[in-house]
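Listing of upload-v5.cif, mmCIF, C-alpha atoms
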data_entry
loop_
_atom_site.label_atom_id
_atom_site.label_comp_id
_atom_site.auth_asym_id
_atom_site.auth_seq_id
_atom_site.Cartn_x
_atom_site.Cartn_y
_atom_site.Cartn_z
CA MET A 835 54.42 20.49 -23.00
CA ARG A 836 51.03 19.42 -24.32
CA TYR A 837 49.22 16.78 -22.30
CA ARG A 838 49.63 13.20 -23.47
CA PRO A 839 48.09 10.16 -21.75
CA LEU A 840 50.24 7.28 -20.57
CA LEU A 841 50.49 4.90 -23.53
CA SER A 842 51.87 1.42 -23.92
CA ASP A 843 53.73 0.62 -27.15
CA SER A 844 52.42 -2.82 -27.91
CA ALA A 845 52.14 -3.42 -31.63
CA ARG A 846 52.04 -7.04 -32.77
CA PRO A 847 53.76 -8.33 -35.93
CA SER A 848 51.61 -7.40 -38.92
CA THR A 849 52.39 -10.51 -40.95
CA PHE A 850 53.18 -14.15 -40.32
CA THR A 851 54.73 -16.78 -42.58
CA VAL A 852 52.92 -20.03 -43.30
CA ASP A 853 53.42 -22.80 -45.84
CA ALA A 854 51.01 -22.82 -48.76
CA MET A 855 50.81 -25.12 -51.79
CA ASP A 856 50.74 -23.36 -55.14
CA GLU A 857 48.99 -24.40 -58.36
CA ASN A 858 51.92 -26.65 -59.27
CA GLY A 859 51.84 -28.53 -55.99
CA ALA A 860 54.97 -26.83 -54.65
CA VAL A 861 54.96 -25.76 -51.00
CA GLN A 862 56.09 -22.16 -50.59
CA PRO A 863 56.56 -19.96 -47.51
CA THR A 864 53.82 -17.31 -47.80
CA SER A 865 53.06 -14.14 -45.83
CA ILE A 866 49.61 -13.72 -44.32
CA ALA A 867 48.14 -10.79 -42.41
CA GLY A 868 47.87 -11.12 -38.66
CA GLU A 869 44.40 -10.91 -37.11
CA HIS A 870 43.86 -10.70 -33.37
CA PRO A 871 40.97 -10.11 -30.98
CA LEU A 872 41.41 -7.02 -28.81
CA THR A 873 38.84 -6.46 -26.07
CA LEU A 874 38.38 -2.81 -25.11
CA TYR A 875 37.82 -1.96 -21.45
CA VAL A 876 37.06 1.54 -20.21
CA ASP A 877 37.52 2.05 -16.48
CA LYS A 878 37.39 -1.74 -16.05
CA GLN A 879 34.08 -2.03 -17.92
CA GLU A 880 34.09 -4.20 -21.05
CA ILE A 881 32.92 -2.33 -24.15
CA LEU A 882 33.45 -4.69 -27.10
CA THR A 883 36.01 -6.87 -28.87
CA LEU A 884 37.70 -5.54 -32.01
CA MET A 885 39.31 -7.78 -34.61
CA THR A 886 42.51 -6.02 -35.60
CA LEU A 887 45.84 -6.38 -37.36
CA GLY A 888 47.58 -5.57 -34.09
CA ALA A 889 49.47 -2.45 -35.23
CA ALA A 890 48.91 0.82 -33.32
CA PRO A 891 46.33 -0.63 -30.90
CA GLU A 892 46.52 2.44 -28.65
CA ALA A 893 45.55 4.75 -31.53
CA LEU A 894 42.78 2.31 -32.44
CA ALA A 895 41.29 2.52 -28.95
CA ILE A 896 41.50 6.33 -28.83
CA GLY A 897 40.06 6.76 -32.32
CA PHE A 898 37.23 4.32 -31.61
CA LEU A 899 36.24 6.14 -28.42
CA ARG A 900 36.45 9.50 -30.20
CA ASN A 901 34.44 8.37 -33.23
CA GLN A 902 31.79 6.76 -31.02
CA ARG A 903 31.47 10.05 -29.10
CA LEU A 904 32.40 8.29 -25.86
CA VAL A 905 35.21 10.82 -25.31
CA SER A 906 35.45 14.32 -26.74
CA SER A 907 39.08 15.21 -26.03
CA ILE A 908 42.40 13.54 -25.31
CA GLU A 909 42.48 15.24 -21.91
CA GLU A 910 39.71 12.92 -20.72
CA ILE A 911 42.02 9.90 -21.10
CA VAL A 912 44.61 9.14 -18.42
CA ALA A 913 46.11 5.95 -19.86
CA VAL A 914 45.78 3.42 -22.69
CA GLN A 915 47.49 0.13 -21.89
CA VAL A 916 47.56 -2.91 -24.18
CA ASP A 917 48.28 -6.44 -22.95
CA TRP A 918 48.48 -8.99 -25.74
CA ASP A 919 48.86 -11.84 -23.24
CA VAL A 920 45.14 -11.42 -22.55
CA ASN A 921 44.25 -9.63 -25.83
CA ALA A 922 42.96 -6.56 -24.06
CA VAL A 923 43.33 -2.79 -24.05
CA ALA A 924 42.50 -0.94 -20.83
CA VAL A 925 41.56 2.73 -21.06
CA THR A 926 41.49 4.76 -17.86
CA THR A 927 39.60 8.04 -17.94
CA ARG A 928 39.99 11.04 -15.67
CA SER A 929 36.43 11.27 -14.38
CA GLY A 930 34.66 8.28 -15.86
CA LEU A 931 32.42 8.38 -18.92
CA VAL A 932 28.99 9.92 -18.39
CA ASP A 933 26.05 7.60 -19.13
CA LEU A 934 28.35 4.89 -20.51
CA ASP A 935 25.75 2.14 -20.08
CA LYS A 936 23.12 4.17 -21.90
CA LYS A 937 25.50 5.14 -24.70
CA THR A 938 26.55 1.54 -25.35
CA GLU A 939 23.24 -0.28 -24.88
CA LYS A 940 22.23 0.12 -28.54
CA ARG A 941 24.60 -1.45 -31.07
CA THR A 942 24.58 -1.48 -34.85
CA ALA A 943 26.76 -4.00 -36.70
CA THR A 944 28.32 -2.28 -39.71
CA THR A 945 29.38 -3.58 -43.12
CA GLY A 946 33.12 -3.13 -42.57
CA CYS A 947 35.45 -6.11 -42.98
CA GLY A 948 35.80 -7.69 -39.56
CA GLN A 949 32.31 -6.27 -38.86
CA GLY A 950 32.50 -3.05 -36.92
CA THR A 951 30.10 -1.75 -34.30
CA VAL A 952 28.48 1.66 -33.90
CA PHE A 953 26.93 2.57 -30.54
CA GLY A 954 23.81 4.60 -29.96
CA ASP A 955 21.53 6.41 -32.37
CA LEU A 956 23.46 6.66 -35.64
CA MET A 957 22.13 10.13 -36.43
CA GLU A 958 22.03 11.60 -32.92
CA ASP A 959 23.27 15.22 -32.97
CA ILE A 960 24.87 14.76 -36.39
CA GLU A 961 22.64 17.40 -37.99
CA SER A 962 24.40 20.03 -35.88
CA ILE A 963 27.80 19.32 -37.49
CA ARG A 964 28.96 21.88 -40.07
CA LEU A 965 31.84 20.88 -42.33
CA ASP A 966 34.21 23.51 -43.74
CA GLU A 967 32.56 24.79 -46.91
CA ALA A 968 35.50 26.99 -47.90
CA MET A 969 38.04 24.16 -48.21
CA ARG A 970 39.26 23.44 -51.74
CA PHE A 971 41.34 20.60 -53.12
CA ASP A 972 42.88 20.25 -56.54
CA GLU A 973 42.01 17.25 -58.71
CA ALA A 974 45.66 16.62 -59.58
CA THR A 975 46.56 16.60 -55.89
CA LEU A 976 43.95 13.90 -55.22
CA PHE A 977 45.49 11.70 -57.92
CA GLY A 978 48.91 12.20 -56.36
CA LEU A 979 47.69 11.43 -52.84
CA LEU A 980 45.92 8.18 -53.77
CA ASN A 981 49.03 7.10 -55.66
CA ALA A 982 51.16 7.95 -52.63
CA MET A 983 48.85 5.88 -50.42
CA ARG A 984 49.26 2.88 -52.73
CA LEU A 985 53.03 3.21 -52.38
CA HIS A 986 52.54 3.05 -48.59
CA GLU A 987 50.63 -0.25 -48.73
CA SER A 988 53.42 -2.48 -47.41
CA ILE A 989 51.29 -5.09 -45.64
CA TYR A 990 48.83 -5.36 -48.51
CA LYS A 991 51.70 -5.93 -50.94
CA GLN A 992 53.12 -8.68 -48.73
CA ALA A 993 50.00 -10.47 -47.64
CA GLY A 994 46.82 -8.84 -48.99
CA ALA A 995 43.70 -9.07 -46.79
CA VAL A 996 43.98 -5.53 -45.34
CA HIS A 997 42.62 -2.06 -45.99
CA GLY A 998 44.50 1.23 -45.89
CA CYS A 999 43.42 4.65 -44.67
CA ALA A 1000 45.30 7.94 -44.68
CA LEU A 1001 44.88 11.56 -43.69
CA ALA A 1002 46.41 14.21 -45.92
CA LYS A 1003 46.93 17.96 -45.85
CA GLY A 1004 47.72 19.65 -49.11
CA SER A 1005 49.91 17.25 -51.09
CA GLU A 1006 51.33 15.57 -47.97
CA VAL A 1007 50.14 12.27 -46.48
CA LEU A 1008 50.30 12.95 -42.73
CA THR A 1009 49.53 9.46 -41.48
CA PHE A 1010 48.75 6.07 -43.04
CA VAL A 1011 47.68 2.80 -41.46
CA GLU A 1012 46.44 -0.61 -42.54
CA ASP A 1013 44.09 -3.00 -40.77
CA VAL A 1014 41.88 -6.00 -41.46
CA GLY A 1015 38.85 -3.69 -41.28
CA ARG A 1016 38.50 -0.28 -42.94
CA HIS A 1017 36.60 0.97 -39.89
CA ASN A 1018 39.63 0.13 -37.72
CA ALA A 1019 41.96 1.87 -40.15
CA MET A 1020 39.86 5.04 -40.01
CA ASP A 1021 39.73 4.89 -36.21
CA LYS A 1022 43.52 4.53 -36.08
CA VAL A 1023 44.33 7.55 -38.25
CA ILE A 1024 41.83 9.68 -36.35
CA GLY A 1025 43.24 8.37 -33.06
CA ARG A 1026 46.72 9.46 -34.11
CA ALA A 1027 45.38 12.87 -35.11
CA VAL A 1028 43.66 13.25 -31.73
CA LEU A 1029 46.92 12.36 -29.96
CA THR A 1030 48.86 15.01 -31.88
CA ARG A 1031 45.98 17.53 -31.77
CA GLN A 1032 45.91 17.72 -35.54
CA ASP A 1033 43.11 19.94 -36.88
CA LEU A 1034 40.88 17.54 -38.82
CA THR A 1035 38.68 20.19 -40.41
CA ASN A 1036 41.12 20.96 -43.24
CA LEU A 1037 42.19 17.40 -44.07
CA VAL A 1038 41.30 14.82 -46.70
CA ALA A 1039 40.61 11.20 -45.74
CA LEU A 1040 41.81 8.57 -48.23
CA LEU A 1041 40.57 4.97 -48.46
CA SER A 1042 41.92 1.95 -50.31
CA GLY A 1043 38.44 0.42 -50.60
CA ARG A 1044 34.81 1.45 -50.88
CA ILE A 1045 33.07 4.42 -49.28
CA SER A 1046 30.55 2.85 -46.92
CA PHE A 1047 28.04 4.56 -44.65
CA GLU A 1048 30.24 4.07 -41.60
CA MET A 1049 33.25 5.73 -43.30
CA VAL A 1050 31.13 8.75 -44.17
CA LEU A 1051 29.75 8.84 -40.61
CA LYS A 1052 33.26 8.73 -39.08
CA CYS A 1053 34.48 11.55 -41.34
CA ILE A 1054 31.52 13.77 -40.54
CA ARG A 1055 31.81 13.18 -36.80
CA ALA A 1056 35.51 14.04 -36.98
CA GLY A 1057 34.84 17.18 -39.05
CA ILE A 1058 36.76 15.96 -42.13
CA PRO A 1059 35.21 17.63 -45.22
CA ILE A 1060 36.58 15.46 -48.07
CA LEU A 1061 36.65 11.66 -48.42
CA ALA A 1062 38.32 10.07 -51.46
CA ALA A 1063 38.68 6.39 -52.31
CA VAL A 1064 39.89 4.04 -55.02
CA SER A 1065 36.52 2.28 -55.05
CA ALA A 1066 32.83 3.20 -55.07
CA PRO A 1067 30.37 4.55 -52.48
CA THR A 1068 27.16 2.92 -51.31
CA SER A 1069 23.71 4.52 -51.55
CA MET A 1070 23.39 5.17 -47.80
CA ALA A 1071 26.86 6.69 -47.77
CA LEU A 1072 25.89 9.17 -50.48
CA GLU A 1073 22.58 10.05 -48.84
CA LEU A 1074 24.37 11.01 -45.62
CA ALA A 1075 27.21 12.77 -47.45
CA GLN A 1076 24.70 14.84 -49.46
CA GLU A 1077 22.74 15.78 -46.36
CA LEU A 1078 25.79 16.96 -44.40
CA ASN A 1079 27.73 18.32 -47.41
CA LEU A 1080 30.67 15.93 -47.25
CA THR A 1081 32.61 15.80 -50.52
CA THR A 1082 32.91 12.19 -51.70
CA VAL A 1083 35.17 11.16 -54.57
CA GLY A 1084 35.34 7.57 -55.79
CA PHE A 1085 37.25 5.50 -58.34
CA VAL A 1086 40.29 7.77 -58.01
CA ARG A 1087 42.75 5.89 -60.19
CA ASP A 1088 44.44 6.03 -63.59
CA GLN A 1089 43.78 9.79 -63.81
CA ARG A 1090 40.03 9.21 -63.54
CA LEU A 1091 37.56 9.92 -60.74
CA ASN A 1092 33.87 10.30 -59.93
CA ILE A 1093 32.73 13.20 -57.71
CA TYR A 1094 29.45 12.15 -56.11
CA THR A 1095 28.76 14.91 -53.58
CA GLY A 1096 30.22 18.31 -52.79
CA PRO A 1097 31.88 18.97 -56.16
CA GLU A 1098 32.51 22.61 -55.28
CA ARG A 1099 35.42 21.60 -53.05
CA VAL A 1100 37.35 19.95 -55.90
CA SER A 1101 39.04 22.39 -58.31
CA GLY A 1102 40.76 21.71 -61.61
CA VAL A 1103 38.10 19.29 -62.91
CA GLY A 1104 37.98 19.20 -66.71
CA THR A 1105 41.12 21.30 -67.19
#

This structure in structure tokens:
Amino acid sequence: MRYRPLLSDSARPSTFTVDAMDENGAVQPTSIAGEHPLTLYVDKQEILTLMTLGAAPEALAIGFLRNQRLVSSIEEIVAVQVDWDVNAVAVTTRSGLVDLDKKTEKRTATTGCGQGTVFGDLMEDIESIRLDEAMRFDEATLFGLLNAMRLHESIYKQAGAVHGCALAKGSEVLTFVEDVGRHNAMDKVIGRAVLTRQDLTNLVALLSGRISFEMVLKCIRAGIPILAAVSAPTSMALELAQELNLTTVGFVRDQRLNIYTGPERVSGVGT
């Protein structure tokens, strides 16, 4: 059997019901998204506190550590244990993380909802990454995948206030999650992929919101060659995507889309 770290299974309810007064003065029970602080500890050392929906916290921790280059493989992790009584997730590693203090001393607050954090030099070693240039994806398939992701958006439909992220292969959505921050959602889907040893280099990442710099950075670090979203990219996102040849596709909705970078990977355009 493939190695798997010891994991808790500690998801919190994604929505809560509160009373809200509508425009007519009537009080109605209304669903709202849950939001909880979750402090990440690695080998008993506090790293940071994430604001999260509470679903799949173990995958969130693994994906965050992977995307921050604090761990390189699932074999480095012995256990991921979540305790909501103290709003904490404790990660135990096999041999400790090398130069952890140095890697976490520099922090950059990102633009993601819930404000994410990136450790270290944003561009360190990223120029050495080579994304799959041979991968191709059909335009019609992208439309179908973004529509499928919208059908998955159960929490958003109930309560709003969340973002969705998915990973897809071919015409199949492999995994989909929602969270109060898009950076958390991306960390979660990548964390799940790391757990199952899914090859990320032939997948498409799908977003329910905008393509920000941090989303492009996470995709490139994971080796994902195509990023598609229902909204628009930012200028820094496109500069990085162009430099590292990440295909970015925005405004994928109503049978329309904009290909900003890497158009050679998207076939069927204009047919």

Name all residues at most 10 Å from A:Thr975 (count all atoms listed in the file; drop same-chain ones fewer than 4 positions away) and give them as a list in words. Phe971, Leu979, Leu980, Asn981, Gly1004, Ser1005, Glu1006, Val1100, Ser1101 and Gly1102 of chain A

Once the PyMOL selection byres ((chain A and resi 1023-1040) around 7) has been evaluated on this model, what residues remain selected, and can you format them as JSON, numbers by chain? {"A": [893, 894, 896, 897, 908, 966, 969, 980, 999, 1000, 1001, 1002, 1003, 1009, 1010, 1011, 1019, 1020, 1021, 1022, 1041, 1042, 1056, 1057, 1058, 1059, 1060, 1061, 1062, 1063]}

Expressed in Å to a single decimal, how great is the separation between atom CA of A:Thr1068 and atom CA of A:Val996?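 Between atom CA of A:Thr1068 and atom CA of A:Val996 the gap is 19.7 Å.
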
List as a ChimeraX atom specification the protein and nucleic acid residues near A:Thr883, meaning an atom at most 9 Å away when all atoms listed in the file are counted, but skip any in the same chain fewer than 6 places from it. /A:871-874,922

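Remark: for A:Ala974, the closest of the candidate residues A:Met885, A:Leu899, A:Leu1091, A:Val905 is A:Leu1091 (distances computed over only C-alpha atoms).
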
For the atom pair atom CA of A:Val1103 and atom CA of A:Arg1016, what is the interatomic distance in Å to one decimal place? 28.0 Å

Could you name the residues that touch A:Ile1045 at 9 Å or less, counting all atoms listed in the file, but leaving out those on the same chain fewer than 5 positions away, as a PyMOL selection string? chain A and resi 1050+1061-1068+1071-1072+1082-1084

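For the pair atom CA of A:Glu973 and atom CA of A:Gly1104, the separation is 9.2 Å.
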
Exercise: A:Glu869 partners within 8 Å, all atoms listed in the file, chain neighbours under 5 positions left out, as a ChimeraX atom specification: /A:885-888,1014

Residues just named, written with C-alpha atoms as a CSV table (one decimal), in the coordinates of the input:
chain,number,residue,atom,x,y,z
A,885,MET,CA,39.3,-7.8,-34.6
A,886,THR,CA,42.5,-6.0,-35.6
A,887,LEU,CA,45.8,-6.4,-37.4
A,888,GLY,CA,47.6,-5.6,-34.1
A,1014,VAL,CA,41.9,-6.0,-41.5

Which residues are near A:Thr849? Cut-off 12 Å, all atoms listed in the file, ignore same chain within fewer than 6 positions. Put them as a list in words.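 Surrounding residues, per the criterion: Thr864, Ser865, Ile866, Ala867, Gly868, Glu869, His870, Leu887, Gly888, Ala889, Ser988, Ile989, Tyr990, Lys991, Gln992, Ala993, Gly994, Ala995, Val996, Glu1012, Asp1013 and Val1014 of chain A.
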
Those residues with C-alpha atoms, as a JSON list (two decimals), in the coordinates of the input please?
[["chain", "number", "residue", "atom", "x", "y", "z"],
["A", 864, "THR", "CA", 53.82, -17.31, -47.80],
["A", 865, "SER", "CA", 53.06, -14.14, -45.83],
["A", 866, "ILE", "CA", 49.61, -13.72, -44.32],
["A", 867, "ALA", "CA", 48.14, -10.79, -42.41],
["A", 868, "GLY", "CA", 47.87, -11.12, -38.66],
["A", 869, "GLU", "CA", 44.40, -10.91, -37.11],
["A", 870, "HIS", "CA", 43.86, -10.70, -33.37],
["A", 887, "LEU", "CA", 45.84, -6.38, -37.36],
["A", 888, "GLY", "CA", 47.58, -5.57, -34.09],
["A", 889, "ALA", "CA", 49.47, -2.45, -35.23],
["A", 988, "SER", "CA", 53.42, -2.48, -47.41],
["A", 989, "ILE", "CA", 51.29, -5.09, -45.64],
["A", 990, "TYR", "CA", 48.83, -5.36, -48.51],
["A", 991, "LYS", "CA", 51.70, -5.93, -50.94],
["A", 992, "GLN", "CA", 53.12, -8.68, -48.73],
["A", 993, "ALA", "CA", 50.00, -10.47, -47.64],
["A", 994, "GLY", "CA", 46.82, -8.84, -48.99],
["A", 995, "ALA", "CA", 43.70, -9.07, -46.79],
["A", 996, "VAL", "CA", 43.98, -5.53, -45.34],
["A", 1012, "GLU", "CA", 46.44, -0.61, -42.54],
["A", 1013, "ASP", "CA", 44.09, -3.00, -40.77],
["A", 1014, "VAL", "CA", 41.88, -6.00, -41.46]]

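Using all atoms listed in the file, the shortest contact distance between A:Lys878 and any of A:Gln915, A:Thr1095, A:Arg984, A:Leu1051 is found at A:Gln915.
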
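Remark: for A:Arg838, the closest of the candidate residues A:Ala854, A:Ala913, A:Val1086, A:Ile1054 is A:Ala913 (distances computed over all atoms listed in the file).
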
Give the answer as one residue: which of A:Val1007, A:Val912, A:Val932, A:Val861 has the shortest atom-to-atom distance to A:Gly978, using only C-alpha atoms? A:Val1007

One residue among A:Tyr1094, A:Arg1099, A:Asp856, A:Glu1077 is nearest to A:Ser962 when using all atoms listed in the file, and that residue is A:Glu1077

Just checking: using only C-alpha atoms, which residue out of A:Leu931, A:Val916, A:Met835, A:Met1049 ends up closest to A:Pro891?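 Looking at the shortest contact to A:Pro891, the residue is A:Val916.
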
What residues have an atom no more than 6 Å from (45.9, 7.9, -22.7) in the file's own frame, counting all atoms listed in the file, and can you write them as a count of residues only? 7

Please write as number ranges by chain the full residue list that the PyMOL selection byres ((chain A and resi 904) around 10) yields on this file. A: 876, 896, 898-903, 905-907, 931-934, 937-938, 953

Please enumerate the residues selected by the PyMOL selection byres ((chain A and resi 1079) around 8) when evaluated against the supplied file, formatted as a list in words.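 So the PyMOL selection byres ((chain A and resi 1079) around 8), applied here, picks out Leu965, Pro1059, Ala1075, Gln1076, Glu1077, Leu1078, Leu1080, Thr1081, Thr1095 and Gly1096 of chain A.
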
Take stretch 1039-1068 of chain A, model N, CA and C atoms, and hand the result over as an mmCIF file, keeping the file's coordinate frame.
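As written to disk, out17.cif reads:
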data_model
loop_
_atom_site.group_PDB
_atom_site.id
_atom_site.type_symbol
_atom_site.label_atom_id
_atom_site.label_comp_id
_atom_site.auth_asym_id
_atom_site.auth_seq_id
_atom_site.Cartn_x
_atom_site.Cartn_y
_atom_site.Cartn_z
ATOM 1 N N ALA A 1039 40.479 12.611 -46.102
ATOM 2 C CA ALA A 1039 40.610 11.200 -45.740
ATOM 3 C C ALA A 1039 40.680 10.376 -47.015
ATOM 4 N N LEU A 1040 41.589 9.404 -47.044
ATOM 5 C CA LEU A 1040 41.810 8.570 -48.230
ATOM 6 C C LEU A 1040 41.582 7.107 -47.857
ATOM 7 N N LEU A 1041 40.873 6.370 -48.715
ATOM 8 C CA LEU A 1041 40.570 4.970 -48.460
ATOM 9 C C LEU A 1041 41.041 4.099 -49.611
ATOM 10 N N SER A 1042 41.497 2.892 -49.268
ATOM 11 C CA SER A 1042 41.920 1.950 -50.310
ATOM 12 C C SER A 1042 40.755 1.125 -50.833
ATOM 13 N N GLY A 1043 39.593 1.216 -50.195
ATOM 14 C CA GLY A 1043 38.440 0.420 -50.600
ATOM 15 C C GLY A 1043 37.231 1.276 -50.894
ATOM 16 N N ARG A 1044 36.056 0.753 -50.559
ATOM 17 C CA ARG A 1044 34.810 1.450 -50.880
ATOM 18 C C ARG A 1044 34.485 2.514 -49.831
ATOM 19 N N ILE A 1045 33.582 3.408 -50.198
ATOM 20 C CA ILE A 1045 33.070 4.420 -49.280
ATOM 21 C C ILE A 1045 31.740 3.912 -48.738
ATOM 22 N N SER A 1046 31.765 3.364 -47.541
ATOM 23 C CA SER A 1046 30.550 2.850 -46.920
ATOM 24 C C SER A 1046 29.939 3.907 -46.011
ATOM 25 N N PHE A 1047 28.740 3.638 -45.539
ATOM 26 C CA PHE A 1047 28.040 4.560 -44.650
ATOM 27 C C PHE A 1047 28.869 4.882 -43.415
ATOM 28 N N GLU A 1048 29.484 3.853 -42.832
ATOM 29 C CA GLU A 1048 30.240 4.070 -41.600
ATOM 30 C C GLU A 1048 31.460 4.956 -41.831
ATOM 31 N N MET A 1049 32.094 4.872 -43.022
ATOM 32 C CA MET A 1049 33.250 5.730 -43.300
ATOM 33 C C MET A 1049 32.811 7.187 -43.425
ATOM 34 N N VAL A 1050 31.670 7.400 -44.070
ATOM 35 C CA VAL A 1050 31.130 8.750 -44.170
ATOM 36 C C VAL A 1050 30.774 9.281 -42.774
ATOM 37 N N LEU A 1051 30.145 8.436 -41.966
ATOM 38 C CA LEU A 1051 29.750 8.840 -40.610
ATOM 39 C C LEU A 1051 30.973 9.222 -39.772
ATOM 40 N N LYS A 1052 32.045 8.437 -39.847
ATOM 41 C CA LYS A 1052 33.260 8.730 -39.080
ATOM 42 C C LYS A 1052 33.880 10.050 -39.527
ATOM 43 N N CYS A 1053 33.920 10.288 -40.833
ATOM 44 C CA CYS A 1053 34.480 11.550 -41.340
ATOM 45 C C CYS A 1053 33.685 12.745 -40.853
ATOM 46 N N ILE A 1054 32.364 12.649 -40.947
ATOM 47 C CA ILE A 1054 31.520 13.770 -40.540
ATOM 48 C C ILE A 1054 31.669 14.039 -39.056
ATOM 49 N N ARG A 1055 31.660 12.994 -38.243
ATOM 50 C CA ARG A 1055 31.810 13.180 -36.800
ATOM 51 C C ARG A 1055 33.157 13.802 -36.451
ATOM 52 N N ALA A 1056 34.187 13.486 -37.239
ATOM 53 C CA ALA A 1056 35.510 14.040 -36.980
ATOM 54 C C ALA A 1056 35.675 15.443 -37.553
ATOM 55 N N GLY A 1057 34.751 15.865 -38.431
ATOM 56 C CA GLY A 1057 34.840 17.180 -39.050
ATOM 57 C C GLY A 1057 35.670 17.209 -40.319
ATOM 58 N N ILE A 1058 35.977 16.040 -40.897
ATOM 59 C CA ILE A 1058 36.760 15.960 -42.130
ATOM 60 C C ILE A 1058 35.831 16.242 -43.316
ATOM 61 N N PRO A 1059 36.152 17.223 -44.175
ATOM 62 C CA PRO A 1059 35.210 17.630 -45.220
ATOM 63 C C PRO A 1059 35.299 16.878 -46.546
ATOM 64 N N ILE A 1060 36.412 16.148 -46.785
ATOM 65 C CA ILE A 1060 36.580 15.460 -48.070
ATOM 66 C C ILE A 1060 37.005 14.016 -47.817
ATOM 67 N N LEU A 1061 36.338 13.081 -48.508
ATOM 68 C CA LEU A 1061 36.650 11.660 -48.420
ATOM 69 C C LEU A 1061 36.825 11.126 -49.835
ATOM 70 N N ALA A 1062 38.012 10.584 -50.121
ATOM 71 C CA ALA A 1062 38.320 10.070 -51.460
ATOM 72 C C ALA A 1062 38.755 8.617 -51.357
ATOM 73 N N ALA A 1063 38.401 7.823 -52.369
ATOM 74 C CA ALA A 1063 38.680 6.390 -52.310
ATOM 75 C C ALA A 1063 38.959 5.848 -53.704
ATOM 76 N N VAL A 1064 39.607 4.692 -53.744
ATOM 77 C CA VAL A 1064 39.890 4.040 -55.020
ATOM 78 C C VAL A 1064 38.701 3.242 -55.513
ATOM 79 N N SER A 1065 37.689 3.045 -54.662
ATOM 80 C CA SER A 1065 36.520 2.280 -55.050
ATOM 81 C C SER A 1065 35.269 3.136 -54.961
ATOM 82 N N ALA A 1066 34.107 2.493 -54.930
ATOM 83 C CA ALA A 1066 32.830 3.200 -55.070
ATOM 84 C C ALA A 1066 32.148 3.425 -53.726
ATOM 85 N N PRO A 1067 31.186 4.354 -53.680
ATOM 86 C CA PRO A 1067 30.370 4.550 -52.480
ATOM 87 C C PRO A 1067 29.122 3.677 -52.522
ATOM 88 N N THR A 1068 28.458 3.569 -51.377
ATOM 89 C CA THR A 1068 27.160 2.920 -51.310
ATOM 90 C C THR A 1068 26.065 3.983 -51.295
#
